[in-house]
file model01.pdb (PDB, C-alpha atoms, pLDDT in the B column)
MODEL        1
ATOM      1  CA  MET A  15     -43.669  -2.506 -19.183  1.00 87.00           C
ATOM      2  CA  LYS A  16     -41.530   0.337 -17.847  1.00 95.00           C
ATOM      3  CA  LEU A  17     -43.383   3.612 -17.397  1.00 97.00           C
ATOM      4  CA  LEU A  18     -40.642   6.187 -16.861  1.00 97.00           C
ATOM      5  CA  ALA A  19     -38.207   7.384 -19.516  1.00 95.00           C
ATOM      6  CA  ASP A  20     -34.953   9.337 -19.248  1.00 92.00           C
ATOM      7  CA  ALA A  21     -35.058  13.064 -19.937  1.00 79.00           C
ATOM      8  CA  LYS A  22     -33.373  12.585 -23.321  1.00 70.00           C
ATOM      9  CA  ALA A  23     -36.643  11.125 -24.655  1.00 60.00           C
ATOM     10  CA  ASN A  24     -38.103  14.656 -24.781  1.00 61.00           C
ATOM     11  CA  THR A  25     -36.356  17.713 -26.274  1.00 62.00           C
ATOM     12  CA  LYS A  26     -37.479  20.169 -23.572  1.00 58.00           C
ATOM     13  CA  THR A  27     -36.721  17.900 -20.626  1.00 61.00           C
ATOM     14  CA  LYS A  28     -33.349  16.997 -22.137  1.00 58.00           C
ATOM     15  CA  LYS A  29     -32.509  20.701 -22.340  1.00 61.00           C
ATOM     16  CA  THR A  30     -33.811  21.227 -18.809  1.00 66.00           C
ATOM     17  CA  GLU A  31     -31.670  18.447 -17.349  1.00 60.00           C
ATOM     18  CA  LYS A  32     -28.587  19.717 -19.177  1.00 64.00           C
ATOM     19  CA  SER A  33     -29.099  23.306 -18.017  1.00 60.00           C
ATOM     20  CA  VAL A  34     -28.985  22.440 -14.315  1.00 64.00           C
ATOM     21  CA  GLY A  35     -26.157  20.562 -12.641  1.00 67.00           C
ATOM     22  CA  LYS A  36     -26.539  17.625 -10.263  1.00 86.00           C
ATOM     23  CA  VAL A  37     -30.000  16.527 -11.313  1.00 92.00           C
ATOM     24  CA  ARG A  38     -31.466  13.472 -13.001  1.00 94.00           C
ATOM     25  CA  MET A  39     -34.811  13.584 -14.774  1.00 95.00           C
ATOM     26  CA  LYS A  40     -37.463  11.048 -15.638  1.00 96.00           C
ATOM     27  CA  THR A  41     -40.677  11.562 -17.577  1.00 96.00           C
ATOM     28  CA  LEU A  42     -43.953   9.770 -18.163  1.00 97.00           C
ATOM     29  CA  SER A  43     -45.605  10.064 -21.597  1.00 94.00           C
ATOM     30  CA  MET A  44     -49.092   8.692 -22.077  1.00 94.00           C
ATOM     31  CA  PHE A  45     -51.432   9.093 -25.030  1.00 93.00           C
ATOM     32  CA  PRO A  46     -54.037  11.713 -24.019  1.00 92.00           C
ATOM     33  CA  ASN A  47     -57.754  11.053 -23.851  1.00 93.00           C
ATOM     34  CA  ASP A  48     -60.695  12.875 -22.269  1.00 93.00           C
ATOM     35  CA  GLU A  49     -59.935  11.515 -18.786  1.00 96.00           C
ATOM     36  CA  LEU A  50     -56.184  12.021 -18.857  1.00 96.00           C
ATOM     37  CA  CYS A  51     -56.532  15.517 -20.356  1.00 95.00           C
ATOM     38  CA  PRO A  52     -60.015  16.755 -19.350  1.00 95.00           C
ATOM     39  CA  ALA A  53     -59.611  20.368 -20.546  1.00 94.00           C
ATOM     40  CA  ARG A  54     -58.452  19.521 -24.046  1.00 92.00           C
ATOM     41  CA  TRP A  55     -61.773  20.357 -25.699  1.00 92.00           C
ATOM     42  CA  ILE A  56     -62.439  23.710 -24.029  1.00 94.00           C
ATOM     43  CA  ALA A  57     -58.793  24.687 -24.626  1.00 92.00           C
ATOM     44  CA  ASP A  58     -59.214  23.579 -28.264  1.00 88.00           C
ATOM     45  CA  CYS A  59     -55.922  21.668 -28.235  1.00 80.00           C
ATOM     46  CA  VAL A  60     -57.116  18.261 -29.444  1.00 69.00           C
ATOM     47  CA  HIS A  61     -55.967  18.841 -33.027  1.00 63.00           C
ATOM     48  CA  ASP A  62     -52.811  20.790 -32.129  1.00 60.00           C
ATOM     49  CA  CYS A  63     -51.528  18.466 -29.431  1.00 58.00           C
ATOM     50  CA  LEU A  64     -47.788  17.717 -29.325  1.00 59.00           C
ATOM     51  CA  THR A  65     -48.700  14.032 -29.397  1.00 55.00           C
ATOM     52  CA  TYR A  66     -47.845  13.939 -33.094  1.00 51.00           C
ATOM     53  CA  SER A  67     -44.697  16.079 -32.988  1.00 54.00           C
ATOM     54  CA  GLY A  68     -41.034  15.163 -32.654  1.00 54.00           C
ATOM     55  CA  LEU A  69     -40.100  11.495 -32.958  1.00 49.00           C
ATOM     56  CA  ALA A  70     -43.789  10.541 -33.036  1.00 45.00           C
ATOM     57  CA  GLN A  71     -43.881  11.997 -36.562  1.00 49.00           C
ATOM     58  CA  VAL A  72     -41.194   9.554 -37.637  1.00 44.00           C
ATOM     59  CA  TYR A  73     -41.802   6.396 -35.627  1.00 46.00           C
ATOM     60  CA  SER A  74     -45.313   4.993 -35.090  1.00 55.00           C
ATOM     61  CA  SER A  75     -43.910   2.949 -32.203  1.00 63.00           C
ATOM     62  CA  VAL A  76     -43.645   6.119 -30.075  1.00 65.00           C
ATOM     63  CA  ASN A  77     -47.386   6.680 -29.836  1.00 67.00           C
ATOM     64  CA  GLN A  78     -48.050   2.963 -29.711  1.00 87.00           C
ATOM     65  CA  ALA A  79     -45.974   2.790 -26.523  1.00 85.00           C
ATOM     66  CA  ARG A  80     -47.808   5.829 -25.127  1.00 93.00           C
ATOM     67  CA  GLN A  81     -51.147   4.202 -25.921  1.00 92.00           C
ATOM     68  CA  ARG A  82     -50.167   0.996 -24.117  1.00 95.00           C
ATOM     69  CA  LYS A  83     -49.452   3.006 -20.972  1.00 97.00           C
ATOM     70  CA  THR A  84     -52.782   4.789 -21.258  1.00 97.00           C
ATOM     71  CA  ASP A  85     -54.589   1.484 -21.784  1.00 96.00           C
ATOM     72  CA  TRP A  86     -52.931   0.098 -18.667  1.00 97.00           C
ATOM     73  CA  TYR A  87     -53.871   3.174 -16.615  1.00 98.00           C
ATOM     74  CA  MET A  88     -57.487   2.975 -17.765  1.00 98.00           C
ATOM     75  CA  ALA A  89     -57.895  -0.802 -17.399  1.00 98.00           C
ATOM     76  CA  ASP A  90     -55.987  -1.552 -14.191  1.00 98.00           C
ATOM     77  CA  ARG A  91     -55.101   1.625 -12.317  1.00 97.00           C
ATOM     78  CA  LYS A  92     -54.057  -0.237  -9.188  1.00 98.00           C
ATOM     79  CA  SER A  93     -51.285  -2.212 -10.873  1.00 98.00           C
ATOM     80  CA  PHE A  94     -50.283   0.845 -12.960  1.00 98.00           C
ATOM     81  CA  LEU A  95     -49.765   2.910  -9.811  1.00 98.00           C
ATOM     82  CA  GLU A  96     -47.930   0.037  -8.139  1.00 98.00           C
ATOM     83  CA  GLN A  97     -45.499  -0.086 -11.065  1.00 98.00           C
ATOM     84  CA  LEU A  98     -45.094   3.690 -11.009  1.00 98.00           C
ATOM     85  CA  ARG A  99     -44.340   3.641  -7.296  1.00 98.00           C
ATOM     86  CA  ARG A 100     -41.832   0.829  -7.798  1.00 98.00           C
ATOM     87  CA  GLU A 101     -39.965   2.801 -10.478  1.00 98.00           C
ATOM     88  CA  LEU A 102     -40.052   6.010  -8.424  1.00 98.00           C
ATOM     89  CA  PHE A 103     -38.682   4.158  -5.387  1.00 98.00           C
ATOM     90  CA  ASN A 104     -35.766   2.797  -7.426  1.00 98.00           C
ATOM     91  CA  PHE A 105     -35.161   6.205  -9.030  1.00 98.00           C
ATOM     92  CA  ASP A 106     -35.118   7.855  -5.608  1.00 98.00           C
ATOM     93  CA  LYS A 107     -32.555   5.315  -4.359  1.00 98.00           C
ATOM     94  CA  LEU A 108     -30.352   5.877  -7.420  1.00 97.00           C
ATOM     95  CA  CYS A 109     -30.446   9.655  -7.057  1.00 96.00           C
ATOM     96  CA  THR A 110     -29.530   9.406  -3.365  1.00 96.00           C
ATOM     97  CA  LYS A 111     -26.631   7.095  -4.183  1.00 96.00           C
ATOM     98  CA  GLN A 112     -25.345   9.432  -6.910  1.00 94.00           C
ATOM     99  CA  GLY A 113     -25.836  12.579  -4.828  1.00 95.00           C
ATOM    100  CA  VAL A 114     -28.185  14.234  -7.338  1.00 95.00           C
ATOM    101  CA  LYS A 115     -31.697  15.646  -7.149  1.00 95.00           C
ATOM    102  CA  GLY A 116     -34.383  13.534  -8.791  1.00 96.00           C
ATOM    103  CA  ILE A 117     -36.785  15.487 -11.035  1.00 96.00           C
ATOM    104  CA  LEU A 118     -40.046  14.108 -12.462  1.00 97.00           C
ATOM    105  CA  ARG A 119     -42.412  15.351 -15.151  1.00 97.00           C
ATOM    106  CA  LEU A 120     -45.244  12.829 -15.135  1.00 98.00           C
ATOM    107  CA  ASN A 121     -47.547  14.742 -17.500  1.00 96.00           C
ATOM    108  CA  VAL A 122     -45.590  15.163 -20.710  1.00 94.00           C
ATOM    109  CA  LEU A 123     -48.795  14.843 -22.758  1.00 92.00           C
ATOM    110  CA  SER A 124     -51.453  14.358 -20.085  1.00 96.00           C
ATOM    111  CA  ASP A 125     -52.968  16.334 -17.204  1.00 97.00           C
ATOM    112  CA  VAL A 126     -53.388  13.720 -14.498  1.00 98.00           C
ATOM    113  CA  GLN A 127     -53.828  15.053 -10.972  1.00 98.00           C
ATOM    114  CA  TRP A 128     -51.043  12.984  -9.415  1.00 98.00           C
ATOM    115  CA  GLU A 129     -51.584  14.660  -6.062  1.00 98.00           C
ATOM    116  CA  LYS A 130     -54.925  12.814  -5.846  1.00 97.00           C
ATOM    117  CA  HIS A 131     -53.006   9.539  -6.144  1.00 98.00           C
ATOM    118  CA  GLU A 132     -50.606  10.861  -3.442  1.00 98.00           C
ATOM    119  CA  ILE A 133     -47.610  10.143  -5.658  1.00 98.00           C
ATOM    120  CA  PRO A 134     -45.582  13.321  -4.922  1.00 98.00           C
ATOM    121  CA  GLN A 135     -46.585  13.156  -1.256  1.00 98.00           C
ATOM    122  CA  GLU A 136     -45.151   9.645  -0.990  1.00 98.00           C
ATOM    123  CA  PHE A 137     -41.814  10.583  -2.611  1.00 98.00           C
ATOM    124  CA  SER A 138     -40.939  13.781  -0.779  1.00 97.00           C
ATOM    125  CA  ASN A 139     -37.228  13.541  -1.693  1.00 97.00           C
ATOM    126  CA  LEU A 140     -38.112  13.882  -5.376  1.00 98.00           C
ATOM    127  CA  TYR A 141     -39.228  17.076  -7.105  1.00 98.00           C
ATOM    128  CA  PHE A 142     -42.202  17.015  -9.472  1.00 98.00           C
ATOM    129  CA  TYR A 143     -43.372  19.631 -11.966  1.00 97.00           C
ATOM    130  CA  ASP A 144     -45.934  19.748 -14.758  1.00 97.00           C
ATOM    131  CA  TYR A 145     -47.852  21.958 -17.143  1.00 96.00           C
ATOM    132  CA  THR A 146     -51.605  21.991 -16.518  1.00 97.00           C
ATOM    133  CA  LYS A 147     -54.818  23.405 -17.962  1.00 97.00           C
ATOM    134  CA  LEU A 148     -56.710  22.893 -14.694  1.00 98.00           C
ATOM    135  CA  PRO A 149     -56.482  26.035 -12.531  1.00 97.00           C
ATOM    136  CA  TYR A 150     -58.356  24.431  -9.624  1.00 96.00           C
ATOM    137  CA  ARG A 151     -55.227  22.355  -8.976  1.00 98.00           C
ATOM    138  CA  PHE A 152     -53.333  25.467  -7.854  1.00 98.00           C
ATOM    139  CA  GLY A 153     -52.694  25.556  -4.131  1.00 96.00           C
ATOM    140  CA  ARG A 154     -53.620  21.889  -3.767  1.00 96.00           C
ATOM    141  CA  THR A 155     -50.290  20.259  -4.605  1.00 98.00           C
ATOM    142  CA  PRO A 156     -47.587  19.431  -2.028  1.00 98.00           C
ATOM    143  CA  LYS A 157     -44.490  21.616  -1.745  1.00 97.00           C
ATOM    144  CA  ASN A 158     -42.424  19.262  -3.925  1.00 98.00           C
ATOM    145  CA  TYR A 159     -44.881  19.519  -6.838  1.00 98.00           C
ATOM    146  CA  ASP A 160     -45.028  22.773  -8.831  1.00 98.00           C
ATOM    147  CA  LEU A 161     -47.295  23.608 -11.762  1.00 98.00           C
ATOM    148  CA  MET A 162     -47.312  25.972 -14.722  1.00 98.00           C
ATOM    149  CA  PHE A 163     -50.532  27.008 -16.443  1.00 98.00           C
ATOM    150  CA  SER A 164     -50.768  26.391 -20.189  1.00 96.00           C
ATOM    151  CA  TYR A 165     -52.442  29.308 -22.009  1.00 97.00           C
ATOM    152  CA  SER A 166     -54.895  29.095 -24.889  1.00 95.00           C
ATOM    153  CA  GLY A 167     -56.933  31.864 -26.483  1.00 96.00           C
ATOM    154  CA  ALA A 168     -59.899  29.539 -27.103  1.00 96.00           C
ATOM    155  CA  PRO A 169     -63.109  31.388 -26.075  1.00 96.00           C
ATOM    156  CA  LYS A 170     -64.465  28.595 -23.864  1.00 96.00           C
ATOM    157  CA  TYR A 171     -61.138  28.452 -22.004  1.00 97.00           C
ATOM    158  CA  GLN A 172     -61.082  32.079 -20.863  1.00 97.00           C
ATOM    159  CA  THR A 173     -62.732  31.372 -17.509  1.00 98.00           C
ATOM    160  CA  SER A 174     -59.780  29.092 -16.736  1.00 98.00           C
ATOM    161  CA  VAL A 175     -57.327  31.758 -17.922  1.00 98.00           C
ATOM    162  CA  ARG A 176     -58.922  34.358 -15.628  1.00 98.00           C
ATOM    163  CA  LYS A 177     -58.764  31.966 -12.675  1.00 98.00           C
ATOM    164  CA  ALA A 178     -55.092  31.295 -13.372  1.00 98.00           C
ATOM    165  CA  LEU A 179     -54.352  35.033 -13.525  1.00 98.00           C
ATOM    166  CA  GLN A 180     -55.814  35.405 -10.039  1.00 97.00           C
ATOM    167  CA  THR A 181     -52.872  33.335  -8.766  1.00 98.00           C
ATOM    168  CA  ASP A 182     -49.113  33.832  -9.121  1.00 97.00           C
ATOM    169  CA  VAL A 183     -48.622  30.509 -10.930  1.00 98.00           C
ATOM    170  CA  PRO A 184     -46.384  30.944 -14.016  1.00 98.00           C
ATOM    171  CA  MET A 185     -48.341  30.960 -17.286  1.00 98.00           C
ATOM    172  CA  THR A 186     -46.737  29.571 -20.446  1.00 96.00           C
ATOM    173  CA  VAL A 187     -47.656  31.269 -23.737  1.00 96.00           C
ATOM    174  CA  VAL A 188     -46.466  30.450 -27.267  1.00 92.00           C
ATOM    175  CA  PHE A 189     -45.643  33.615 -29.244  1.00 93.00           C
ATOM    176  CA  ARG A 190     -45.208  34.024 -32.990  1.00 91.00           C
ATOM    177  CA  GLY A 191     -42.899  36.826 -34.138  1.00 91.00           C
ATOM    178  CA  GLY A 192     -41.053  37.536 -30.890  1.00 91.00           C
ATOM    179  CA  PHE A 193     -41.873  38.306 -27.263  1.00 95.00           C
ATOM    180  CA  PRO A 194     -43.760  41.369 -26.035  1.00 96.00           C
ATOM    181  CA  GLN A 195     -42.640  42.965 -22.784  1.00 96.00           C
ATOM    182  CA  MET A 196     -46.045  42.375 -21.194  1.00 97.00           C
ATOM    183  CA  PHE A 197     -48.959  40.000 -21.756  1.00 97.00           C
ATOM    184  CA  LYS A 198     -52.219  40.038 -19.789  1.00 97.00           C
ATOM    185  CA  GLY A 199     -50.641  42.591 -17.458  1.00 96.00           C
ATOM    186  CA  ARG A 200     -47.689  40.344 -16.610  1.00 97.00           C
ATOM    187  CA  GLU A 201     -44.002  40.570 -17.446  1.00 97.00           C
ATOM    188  CA  VAL A 202     -42.898  38.167 -20.190  1.00 97.00           C
ATOM    189  CA  ILE A 203     -39.683  36.171 -19.785  1.00 96.00           C
ATOM    190  CA  ASN A 204     -37.880  33.889 -22.236  1.00 95.00           C
ATOM    191  CA  GLY A 205     -38.873  30.354 -21.296  1.00 94.00           C
ATOM    192  CA  ASP A 206     -37.007  28.347 -23.920  1.00 88.00           C
ATOM    193  CA  GLU A 207     -34.046  27.343 -21.768  1.00 82.00           C
ATOM    194  CA  SER A 208     -35.127  25.422 -18.665  1.00 89.00           C
ATOM    195  CA  ASP A 209     -38.444  24.339 -17.193  1.00 92.00           C
ATOM    196  CA  LEU A 210     -36.816  24.222 -13.757  1.00 93.00           C
ATOM    197  CA  PHE A 211     -36.228  27.965 -14.089  1.00 94.00           C
ATOM    198  CA  ASN A 212     -39.641  28.629 -15.644  1.00 95.00           C
ATOM    199  CA  VAL A 213     -41.688  26.882 -12.973  1.00 96.00           C
ATOM    200  CA  LYS A 214     -40.231  29.178 -10.279  1.00 96.00           C
ATOM    201  CA  GLN A 215     -41.134  32.421 -12.099  1.00 97.00           C
ATOM    202  CA  ARG A 216     -44.102  33.330  -9.948  1.00 97.00           C
ATOM    203  CA  GLY A 217     -46.442  35.910 -11.438  1.00 98.00           C
ATOM    204  CA  LYS A 218     -44.669  35.857 -14.814  1.00 98.00           C
ATOM    205  CA  ILE A 219     -45.589  34.919 -18.367  1.00 98.00           C
ATOM    206  CA  VAL A 220     -43.206  32.248 -19.617  1.00 97.00           C
ATOM    207  CA  GLY A 221     -42.787  33.037 -23.301  1.00 96.00           C
ATOM    208  CA  LEU A 222     -42.144  30.127 -25.659  1.00 92.00           C
ATOM    209  CA  LYS A 223     -41.047  30.658 -29.258  1.00 89.00           C
ATOM    210  CA  LEU A 224     -43.180  29.118 -31.975  1.00 84.00           C
ATOM    211  CA  LYS A 225     -41.116  26.424 -33.681  1.00 75.00           C
ATOM    212  CA  GLY A 226     -41.450  24.472 -36.921  1.00 63.00           C
ATOM    213  CA  ASN A 227     -42.151  25.664 -40.457  1.00 57.00           C
ATOM    214  CA  GLU A 228     -45.680  24.264 -40.574  1.00 53.00           C
ATOM    215  CA  ALA A 229     -46.628  25.954 -37.316  1.00 60.00           C
ATOM    216  CA  GLN A 230     -45.835  29.392 -38.701  1.00 71.00           C
ATOM    217  CA  SER A 231     -49.106  29.419 -40.654  1.00 72.00           C
ATOM    218  CA  SER A 232     -51.194  27.733 -37.939  1.00 79.00           C
ATOM    219  CA  ASP A 233     -54.336  29.430 -36.598  1.00 86.00           C
ATOM    220  CA  SER A 234     -54.179  27.493 -33.329  1.00 86.00           C
ATOM    221  CA  PRO A 235     -55.625  29.363 -30.321  1.00 92.00           C
ATOM    222  CA  PHE A 236     -52.429  28.465 -28.459  1.00 89.00           C
ATOM    223  CA  ILE A 237     -50.420  30.870 -30.593  1.00 91.00           C
ATOM    224  CA  VAL A 238     -50.315  34.589 -29.789  1.00 94.00           C
ATOM    225  CA  ASP A 239     -49.138  36.844 -32.630  1.00 94.00           C
ATOM    226  CA  CYS A 240     -46.623  39.443 -31.525  1.00 93.00           C
ATOM    227  CA  PRO A 241     -46.136  42.414 -33.900  1.00 91.00           C
ATOM    228  CA  PRO A 242     -42.593  43.839 -34.210  1.00 87.00           C
ATOM    229  CA  ASN A 243     -41.575  45.965 -31.229  1.00 85.00           C
ATOM    230  CA  ALA A 244     -44.774  45.157 -29.355  1.00 88.00           C
ATOM    231  CA  ILE A 245     -44.646  46.344 -25.748  1.00 93.00           C
ATOM    232  CA  ALA A 246     -47.896  44.974 -24.331  1.00 92.00           C
ATOM    233  CA  ILE A 247     -50.536  42.554 -25.583  1.00 93.00           C
ATOM    234  CA  ASN A 248     -53.831  42.119 -23.801  1.00 86.00           C
TER
ENDMDL
END

call {"tool": "encode", "arguments": {"input": "model01.pdb", "output": "structure tokens"}}
result
Amino acid sequence: MKLLADAKANTKTKKTEKSVGKVRMKTLSMFPNDELCPARWIADCVHDCLTYSGLAQVYSSVNQARQRKTDWYMADRKSFLEQLRRELFNFDKLCTKQGVKGILRLNVLSDVQWEKHEIPQEFSNLYFYDYTKLPYRFGRTPKNYDLMFSYSGAPKYQTSVRKALQTDVPMTVVFRGGFPQMFKGREVINGDESDLFNVKQRGKIVGLKLKGNEAQSSDSPFIVDCPPNAIAIN
């Protein structure tokens, strides 16, 4: 079983790869569980997870493939990591041959601490980035692995939000109705173009537009309502 997929398998990573020249992207999508995504209950994202969005809404095979990868990771982590290293080695060689920068997002739907497996450390020529809900990871990743914090307004998650705001790590926030100029005392930028731009916006709020007709009426704690002409939201 191959673990890595081309960027075109995910709408955001496809857009990210297209927006920046001379890069190639690969992603890893696994089906989340309590070990792969340990903050999913306090962030109250279990029922609003993107696991069931996009092509997964149309083809059951998408999540079946994700589940097989998760099952492999849980049952035989040693061979899973060996396969991942093998694919990363070959990807690194290909990128060097083609004269492009190799980009990895290994947590499309998970929050695995890959730095603990020493994956980014081992492949220093490649660049890794991810979204995370675990603020204690900040400052503990190697220089070729950047993180963005994923915001939620869930009450039990606010300790994590406060910890994230004590750093300059970019914080992604989904807004409904437009973007305010400021959120939580930070400048808001439009983050719908490229993750490679977003992940470098230190000390900023990366604003993401709420998409989809069904989502417009959602009461998910991930969504922040922005009144017309709002300047600052706390």

call {"tool": "resolve_selection", "arguments": {"input": "model01.pdb", "expression": "the PyMOL selection byres ((chain A and resi 242) around 8)", "output": "VMD selection string"}}
result
chain A and resid 191 to 192 240 to 241 243 to 244

call {"tool": "atom_distance", "arguments": {"input": "model01.pdb", "atom1": "CA of Ser124 (chain A)", "atom2": "CA of Gly153 (chain A)"}}
result
19.5 Å

call {"tool": "resolve_selection", "arguments": {"input": "model01.pdb", "expression": "the PyMOL selection byres ((chain A and resi 179-185) around 12)", "output": "MDAnalysis selection string"}}
result
chainID A and resid 143:153 160:166 172:178 186:188 197:205 209:222

call {"tool": "residues_around", "arguments": {"input": "model01.pdb", "residues": "Arg80 (chain A)", "least_positions_apart": "3", "cutoff": "6 Å", "atoms": "all atoms listed in the file", "output": "NGL selection string"}}
result
:A and (43-45 or 77 or 83)

call {"tool": "write_last_selection", "arguments": {"input": "model01.pdb", "atoms": "C-alpha atoms", "output": "PDB file, in the frame of the given file"}}
result
ATOM      1  CA  SER A  43     -45.605  10.064 -21.597  1.00 94.00           C
ATOM      2  CA  MET A  44     -49.092   8.692 -22.077  1.00 94.00           C
ATOM      3  CA  PHE A  45     -51.432   9.093 -25.030  1.00 93.00           C
ATOM      4  CA  ASN A  77     -47.386   6.680 -29.836  1.00 67.00           C
ATOM      5  CA  LYS A  83     -49.452   3.006 -20.972  1.00 97.00           C
TER       6      LYS A  83
END

call {"tool": "atom_distance", "arguments": {"input": "model01.pdb", "atom1": "CA of Arg38 (chain A)", "atom2": "CA of Asn158 (chain A)"}}
result
15.4 Å

call {"tool": "closest_residue", "arguments": {"input": "model01.pdb", "among": "A:Met196, A:Gly116, A:Val126, A:Arg154", "to": "Met88 (chain A)", "atoms": "all atoms listed in the file"}}
result
A:Val126
